[in-house]
2 protein chains.
Amino acid sequence: MTTRKSWQIIHDELRGRIIDGIWQPGDLIPAEEQLAVEFQCARATVNRSLRALADSGLLDRRRRVGSRVATEPSRYATLKIDIIRLEVEQRGAKYRHVLTERAQVLAPERVQYRMNLNDGTELLYICNLHMADERPIIYEERWLNPVVLPGIFDVNFSAISVNEWLVRNVMFTRGDISFCAANLTEREAQLFAAEVGDAAFVIERMTWQGEQCITSVRLLHEPGFSMRAELI
Amino acid sequence: MTTRKSWQIIHDELRGRIIDGIWQPGDLIPAEEQLAVEFQCARATVNRSLRALADSGLLDRRRRVGSRVATEPSRYATLKIDIIRLEVEQRGAKYRHVLTERAQVLAPERVQYRMNLNDGTELLYICNLHMADERPIIYEERWLNPVVLPGIFDVNFSAISVNEWLVRNVMFTRGDISFCAANLTEREAQLFAAEVGDAAFVIERMTWQGEQCITSVRLLHEPGFSMRAELI
DNA sequence: ATTATAATTATGTATAGACATATGAAATGG
DNA sequence: CCATTTCATATGTCTATACATAATTATAAT
């Protein structure tokens, strides 16, 4: 009885009961008050445990009704999106990026639509090749909205990567991300020293500040790349 | 002053200060005690707000030190992995799946290794084609470990999809998921009525019960498929 | 029978106070 | 000067109590 991080202990114990099938999906589990008696602790402590279990999708909780084991535990995968440089350096490789393109242009209609730009705002268009130990691993194609990024045209993106600059300089209020696959075009294949048509993993990301889109980016990964995450 | 879900309100207020740049990345924010004074509430309430901010990656908290705005806010994407049937039906389409293969076999060495099977356990190998309104959308290739799935050989997987059966019948203790892209083989292209070599989005998932792998699955999505998620 | 109202109840949240724990900084000793 | 110990402090957690809120159930009114 040295330390008693009760809420964690209770959490693990209850989780065990669910995993071991002592409490089956759909079952109503005892009320907080009863569990508090069982575990000799305050209801608040049980509450915290149950809240954690509900957060991880194992319980469905409703006032006046109680907590029941989720019948269809929708499973969540949480992906940590790192700055590419950090990811590379964590693998012990040397990071470098090359600015391959930079222009002040009107975005293609498709991009304008997605970024919710109805006026004819000229965006900063930037392409970067990210490399680990001189091997190209990601080709980044990005549109930046100068309206929400004052001074963006003056930044030297050879010294710092766009993503890193953004992460350090602007906070976004929301964002979305999507994953898909694409066949490499001739030009892209050259960048990766791969074959035309090779399947590449693509991440498209948009970040917003209120109603205004800050940036839209397409990350084309080298063929063979695979992104891992834990299921919770 | 009707309702005062204080911790949420405080959470949002503090989040605003970070997003608006009032507190910059790296800044030490006031201690819980001080914030409690400012917001006229108990320290526990502030604590809950700060904990939520830390959970979402906006704050780094350390005892004796305080809470500072994360300098390199690694961003998290939470993906909800739905049962395919539900996903299809939610889009208003008719779901159907076809069992294309079923065998009791030794898994390929690569799969055995990943599933941590050192003995010569024969697995249940099952392939399924998932369809929305009769259009094939996902080709599922799966290995199931009968050791942790007693009775698995008796289940009729034409009636219920494997994933759905698993979700309803076994709890896993941990799992991992990875995303990549693959070129369609000739056989796969036929299934999707697509071209050989078309890039397809692939999800590979493994779930574990303790040290034993329950199942390993590869979900090959139709070319053009894109998976969306919110950034938090 | 149907609808409106009140009572009941499990969870949700807030609070003050206490102790636990990690850790930076200061004091101490070699 | 460096290593060790002590101390101070912000966060982490627990408790008992109280009230809020949602949702079911019982009751009353139409």
# chains A, B, ... in the order shown; residues from 1 in each chain; ligands from 1

$ select_by_dssp --residues "region 37-231 of chain B" --states "alpha helix (DSSP H)" --output "ChimeraX atom specification"
/B:37-39,43-55,84-90,109-114,162-169,186-192

$ write_last_selection --atoms "C-alpha atoms" --output "compact mmCIF listing (two decimals), in the first residue's frame"
# COMPACT_ATOMS: atom_id res chain seq x y z
CA VAL B 37 -7.65 33.08 -8.73
CA GLU B 38 -8.11 34.68 -12.14
CA PHE B 39 -11.07 32.48 -13.06
CA ARG B 43 -7.46 24.70 -8.56
CA ALA B 44 -8.88 21.29 -9.45
CA THR B 45 -11.01 22.93 -12.11
CA VAL B 46 -8.05 24.69 -13.66
CA ASN B 47 -6.16 21.42 -13.38
CA ARG B 48 -8.74 19.65 -15.47
CA SER B 49 -8.60 22.33 -18.14
CA LEU B 50 -4.82 22.21 -18.32
CA ARG B 51 -4.83 18.44 -18.40
CA ALA B 52 -7.14 18.54 -21.41
CA LEU B 53 -4.85 21.04 -23.13
CA ALA B 54 -1.85 18.84 -22.41
CA ASP B 55 -3.70 15.79 -23.73
CA ILE B 84 -16.88 -1.45 -43.20
CA ARG B 85 -20.54 -2.33 -43.37
CA LEU B 86 -21.53 0.57 -41.14
CA GLU B 87 -19.37 2.94 -43.13
CA VAL B 88 -21.03 1.89 -46.37
CA GLU B 89 -24.52 2.01 -44.94
CA GLN B 90 -23.91 5.43 -43.47
CA GLU B 109 6.97 -16.90 -43.38
CA ARG B 110 6.67 -13.10 -43.51
CA VAL B 111 3.23 -13.29 -41.91
CA GLN B 112 4.31 -15.90 -39.37
CA TYR B 113 7.10 -13.63 -38.28
CA ARG B 114 4.95 -10.57 -37.92
CA VAL B 162 -14.90 -11.40 -40.15
CA ASN B 163 -14.17 -7.99 -38.73
CA GLU B 164 -17.67 -7.65 -37.39
CA TRP B 165 -17.50 -11.10 -35.81
CA LEU B 166 -14.17 -10.25 -34.20
CA VAL B 167 -15.36 -6.92 -32.92
CA ARG B 168 -18.35 -8.56 -31.32
CA ASN B 169 -16.59 -11.62 -29.98
CA GLU B 186 -3.38 -8.55 -62.24
CA ARG B 187 -5.77 -10.49 -60.04
CA GLU B 188 -6.53 -7.52 -57.83
CA ALA B 189 -7.10 -5.30 -60.85
CA GLN B 190 -9.69 -7.76 -62.09
CA LEU B 191 -11.55 -7.61 -58.81
CA PHE B 192 -11.84 -3.85 -58.97

$ residues_around --residues "region 97-99 of chain A" --least-positions-apart "6" --cutoff "7 Å" --atoms "only C-alpha atoms (C1' of nucleotides)" --output "PyMOL selection string"
chain A and resi 127-131+158

$ closest_atom_pairs --of "chain C" --to "chain A" --cutoff "7 Å" --atoms "only C-alpha atoms (C1' of nucleotides)" --output "tab-separated table"
residue	atom	partner	partner_atom	distance
C:DT9	C1'	A:Arg64	CA	5.5
C:DA10	C1'	A:Arg64	CA	4.0
C:DT11	C1'	A:Arg63	CA	4.4

$ closest_residue --among "D:DC2, D:DC7, D:DA20, D:DA28" --to "chain B" --atoms "only C-alpha atoms (C1' of nucleotides)"
D:DA20

$ interface_residues --of "chain B" --to "chain A" --cutoff "9 Å" --atoms "only C-alpha atoms" --output "PyMOL selection string"
chain B and resi 18-21+24-25+71-83+164+167-184+197-202+205+207+223-232

$ closest_atom_pairs --of "chain D" --to "chain A" --cutoff "8 Å" --atoms "only C-alpha atoms (C1' of nucleotides)" --output "CSV"
residue,atom,partner,partner_atom,distance
D:DT13,C1',A:Lys5,CA,7.1
D:DC14,C1',A:Thr45,CA,7.2
D:DT15,C1',A:Ala42,CA,6.1
D:DA16,C1',A:Ala42,CA,7.9
D:DA22,C1',A:Arg63,CA,5.6
D:DA23,C1',A:Arg64,CA,5.7
D:DT24,C1',A:Arg64,CA,7.2

$ write_last_selection --atoms "N, CA and C atoms (P, O5', C5', C4', C3', O3' and C1' of nucleotides)" --output "short mmCIF file (atom, residue, chain, number, x, y, z; two decimals), in the first residue's frame"
data_model
loop_
_atom_site.label_atom_id
_atom_site.label_comp_id
_atom_site.auth_asym_id
_atom_site.auth_seq_id
_atom_site.Cartn_x
_atom_site.Cartn_y
_atom_site.Cartn_z
P DT D 13 -2.45 12.12 -12.20
"O5'" DT D 13 -3.11 11.91 -10.77
"C5'" DT D 13 -2.40 11.21 -9.77
"C4'" DT D 13 -3.10 11.34 -8.45
"C3'" DT D 13 -4.58 10.95 -8.47
"O3'" DT D 13 -4.71 9.71 -7.80
"C1'" DT D 13 -4.13 12.85 -7.10
P DC D 14 -6.14 9.04 -7.67
"O5'" DC D 14 -6.61 9.53 -6.24
"C5'" DC D 14 -5.84 9.20 -5.10
"C4'" DC D 14 -6.56 9.70 -3.87
"C3'" DC D 14 -8.05 9.36 -3.86
"O3'" DC D 14 -8.37 8.68 -2.65
"C1'" DC D 14 -7.70 11.69 -3.48
P DT D 15 -9.85 8.19 -2.40
"O5'" DT D 15 -10.45 9.40 -1.57
"C5'" DT D 15 -9.74 9.87 -0.43
"C4'" DT D 15 -10.56 10.92 0.27
"C3'" DT D 15 -12.06 10.64 0.25
"O3'" DT D 15 -12.56 10.60 1.58
"C1'" DT D 15 -11.59 12.87 -0.49
P DA D 16 -14.00 9.92 1.83
"O5'" DA D 16 -14.87 11.19 2.25
"C5'" DA D 16 -14.30 12.22 3.04
"C4'" DA D 16 -15.21 13.44 3.02
"C3'" DA D 16 -16.71 13.11 2.95
"O3'" DA D 16 -17.41 13.94 3.86
"C1'" DA D 16 -16.10 14.47 1.10
P DA D 22 -28.70 18.81 -19.74
"O5'" DA D 22 -29.02 17.27 -20.00
"C5'" DA D 22 -27.95 16.35 -20.10
"C4'" DA D 22 -28.46 14.96 -19.81
"C3'" DA D 22 -29.67 14.53 -20.64
"O3'" DA D 22 -29.44 13.20 -21.05
"C1'" DA D 22 -30.15 14.29 -18.34
P DA D 23 -30.15 12.61 -22.34
"O5'" DA D 23 -31.07 11.50 -21.69
"C5'" DA D 23 -30.47 10.53 -20.86
"C4'" DA D 23 -31.52 9.92 -19.97
"C3'" DA D 23 -32.85 9.59 -20.69
"O3'" DA D 23 -33.22 8.30 -20.31
"C1'" DA D 23 -33.26 10.74 -18.71
P DT D 24 -34.12 7.42 -21.31
"O5'" DT D 24 -34.80 6.41 -20.28
"C5'" DT D 24 -34.03 5.89 -19.21
"C4'" DT D 24 -34.84 5.89 -17.94
"C3'" DT D 24 -36.23 5.25 -18.04
"O3'" DT D 24 -36.31 4.17 -17.13
"C1'" DT D 24 -36.32 7.28 -16.84
#

$ select_by_dssp --residues "region 51-205 of chain A" --states "strand (DSSP E or B)" --output "PyMOL selection string"
chain A and resi 59-62+66-69+75-81+95-106+122-132+135-144+174-183+199-205

$ write_last_selection --atoms "C-alpha atoms" --output "PDB file, in the first residue's frame"
ATOM      1  CA  LEU A  59     -17.696   2.245 -22.245  1.00  0.00           C
ATOM      2  CA  ASP A  60     -20.814   4.099 -23.226  1.00  0.00           C
ATOM      3  CA  ARG A  61     -21.992   6.323 -20.414  1.00  0.00           C
ATOM      4  CA  ARG A  62     -25.332   8.052 -20.010  1.00  0.00           C
ATOM      5  CA  GLY A  66     -25.348   4.138 -16.198  1.00  0.00           C
ATOM      6  CA  SER A  67     -22.263   2.841 -17.931  1.00  0.00           C
ATOM      7  CA  ARG A  68     -22.410  -0.056 -20.284  1.00  0.00           C
ATOM      8  CA  VAL A  69     -19.696  -1.912 -22.118  1.00  0.00           C
ATOM      9  CA  ARG A  75     -11.607   1.708 -32.584  1.00  0.00           C
ATOM     10  CA  TYR A  76      -9.393   4.683 -32.826  1.00  0.00           C
ATOM     11  CA  ALA A  77      -5.980   5.045 -34.337  1.00  0.00           C
ATOM     12  CA  THR A  78      -4.084   8.042 -33.152  1.00  0.00           C
ATOM     13  CA  LEU A  79      -1.351   9.163 -35.467  1.00  0.00           C
ATOM     14  CA  LYS A  80       1.287  11.543 -34.306  1.00  0.00           C
ATOM     15  CA  ILE A  81       2.213  13.798 -37.169  1.00  0.00           C
ATOM     16  CA  TYR A  95      17.956  15.527 -42.726  1.00  0.00           C
ATOM     17  CA  ARG A  96      18.060  17.915 -45.646  1.00  0.00           C
ATOM     18  CA  HIS A  97      15.459  19.548 -47.781  1.00  0.00           C
ATOM     19  CA  VAL A  98      15.694  21.220 -51.153  1.00  0.00           C
ATOM     20  CA  LEU A  99      13.401  23.948 -52.348  1.00  0.00           C
ATOM     21  CA  THR A 100      12.525  22.925 -55.881  1.00  0.00           C
ATOM     22  CA  GLU A 101       9.899  25.467 -56.720  1.00  0.00           C
ATOM     23  CA  ARG A 102       8.589  28.785 -55.491  1.00  0.00           C
ATOM     24  CA  ALA A 103       6.071  31.023 -57.150  1.00  0.00           C
ATOM     25  CA  GLN A 104       3.348  33.531 -56.490  1.00  0.00           C
ATOM     26  CA  VAL A 105       0.461  32.172 -58.469  1.00  0.00           C
ATOM     27  CA  LEU A 106      -3.243  31.655 -58.698  1.00  0.00           C
ATOM     28  CA  GLU A 122      -2.516  34.734 -55.427  1.00  0.00           C
ATOM     29  CA  LEU A 123      -0.964  32.097 -53.221  1.00  0.00           C
ATOM     30  CA  LEU A 124       2.581  31.192 -52.467  1.00  0.00           C
ATOM     31  CA  TYR A 125       3.274  27.907 -54.186  1.00  0.00           C
ATOM     32  CA  ILE A 126       6.219  25.986 -52.841  1.00  0.00           C
ATOM     33  CA  CYS A 127       7.661  22.592 -53.577  1.00  0.00           C
ATOM     34  CA  ASN A 128      10.205  20.836 -51.443  1.00  0.00           C
ATOM     35  CA  LEU A 129      12.068  17.605 -51.591  1.00  0.00           C
ATOM     36  CA  HIS A 130      12.812  16.131 -48.166  1.00  0.00           C
ATOM     37  CA  MET A 131      15.779  13.843 -47.860  1.00  0.00           C
ATOM     38  CA  ALA A 132      17.145  11.412 -45.305  1.00  0.00           C
ATOM     39  CA  ARG A 135      17.851   9.875 -50.242  1.00  0.00           C
ATOM     40  CA  PRO A 136      14.624  11.625 -51.265  1.00  0.00           C
ATOM     41  CA  ILE A 137      11.789  10.430 -49.073  1.00  0.00           C
ATOM     42  CA  ILE A 138       8.996  12.981 -49.425  1.00  0.00           C
ATOM     43  CA  TYR A 139       8.002  15.391 -52.139  1.00  0.00           C
ATOM     44  CA  GLU A 140       5.987  18.248 -50.709  1.00  0.00           C
ATOM     45  CA  GLU A 141       3.740  20.475 -52.773  1.00  0.00           C
ATOM     46  CA  ARG A 142       2.162  23.328 -50.914  1.00  0.00           C
ATOM     47  CA  TRP A 143      -0.095  26.342 -51.282  1.00  0.00           C
ATOM     48  CA  LEU A 144       0.096  29.065 -48.690  1.00  0.00           C
ATOM     49  CA  ARG A 174      -8.757  23.136 -37.079  1.00  0.00           C
ATOM     50  CA  GLY A 175      -7.408  20.906 -39.751  1.00  0.00           C
ATOM     51  CA  ASP A 176      -8.111  17.802 -41.686  1.00  0.00           C
ATOM     52  CA  ILE A 177      -5.990  15.157 -43.204  1.00  0.00           C
ATOM     53  CA  SER A 178      -6.586  12.514 -45.778  1.00  0.00           C
ATOM     54  CA  PHE A 179      -4.655   9.535 -46.981  1.00  0.00           C
ATOM     55  CA  CYS A 180      -4.617   7.969 -50.389  1.00  0.00           C
ATOM     56  CA  ALA A 181      -2.400   6.346 -52.953  1.00  0.00           C
ATOM     57  CA  ALA A 182      -1.140   7.716 -56.265  1.00  0.00           C
ATOM     58  CA  ASN A 183       0.819   6.499 -59.219  1.00  0.00           C
ATOM     59  CA  ALA A 199       2.412   3.384 -56.076  1.00  0.00           C
ATOM     60  CA  ALA A 200       3.161   6.111 -53.541  1.00  0.00           C
ATOM     61  CA  PHE A 201       1.500   6.915 -50.275  1.00  0.00           C
ATOM     62  CA  VAL A 202       0.018  10.400 -50.197  1.00  0.00           C
ATOM     63  CA  ILE A 203      -1.037  12.598 -47.321  1.00  0.00           C
ATOM     64  CA  GLU A 204      -3.087  15.668 -48.053  1.00  0.00           C
ATOM     65  CA  ARG A 205      -3.512  18.126 -45.262  1.00  0.00           C
TER      66      ARG A 205
END

$ atom_distance --atom1 "C1' of DA20 (chain C)" --atom2 "C1' of DG12 (chain D)"
7.7 Å

$ atom_distance --atom1 "CA of Ala194 (chain A)" --atom2 "CA of Val196 (chain B)"
17.6 Å
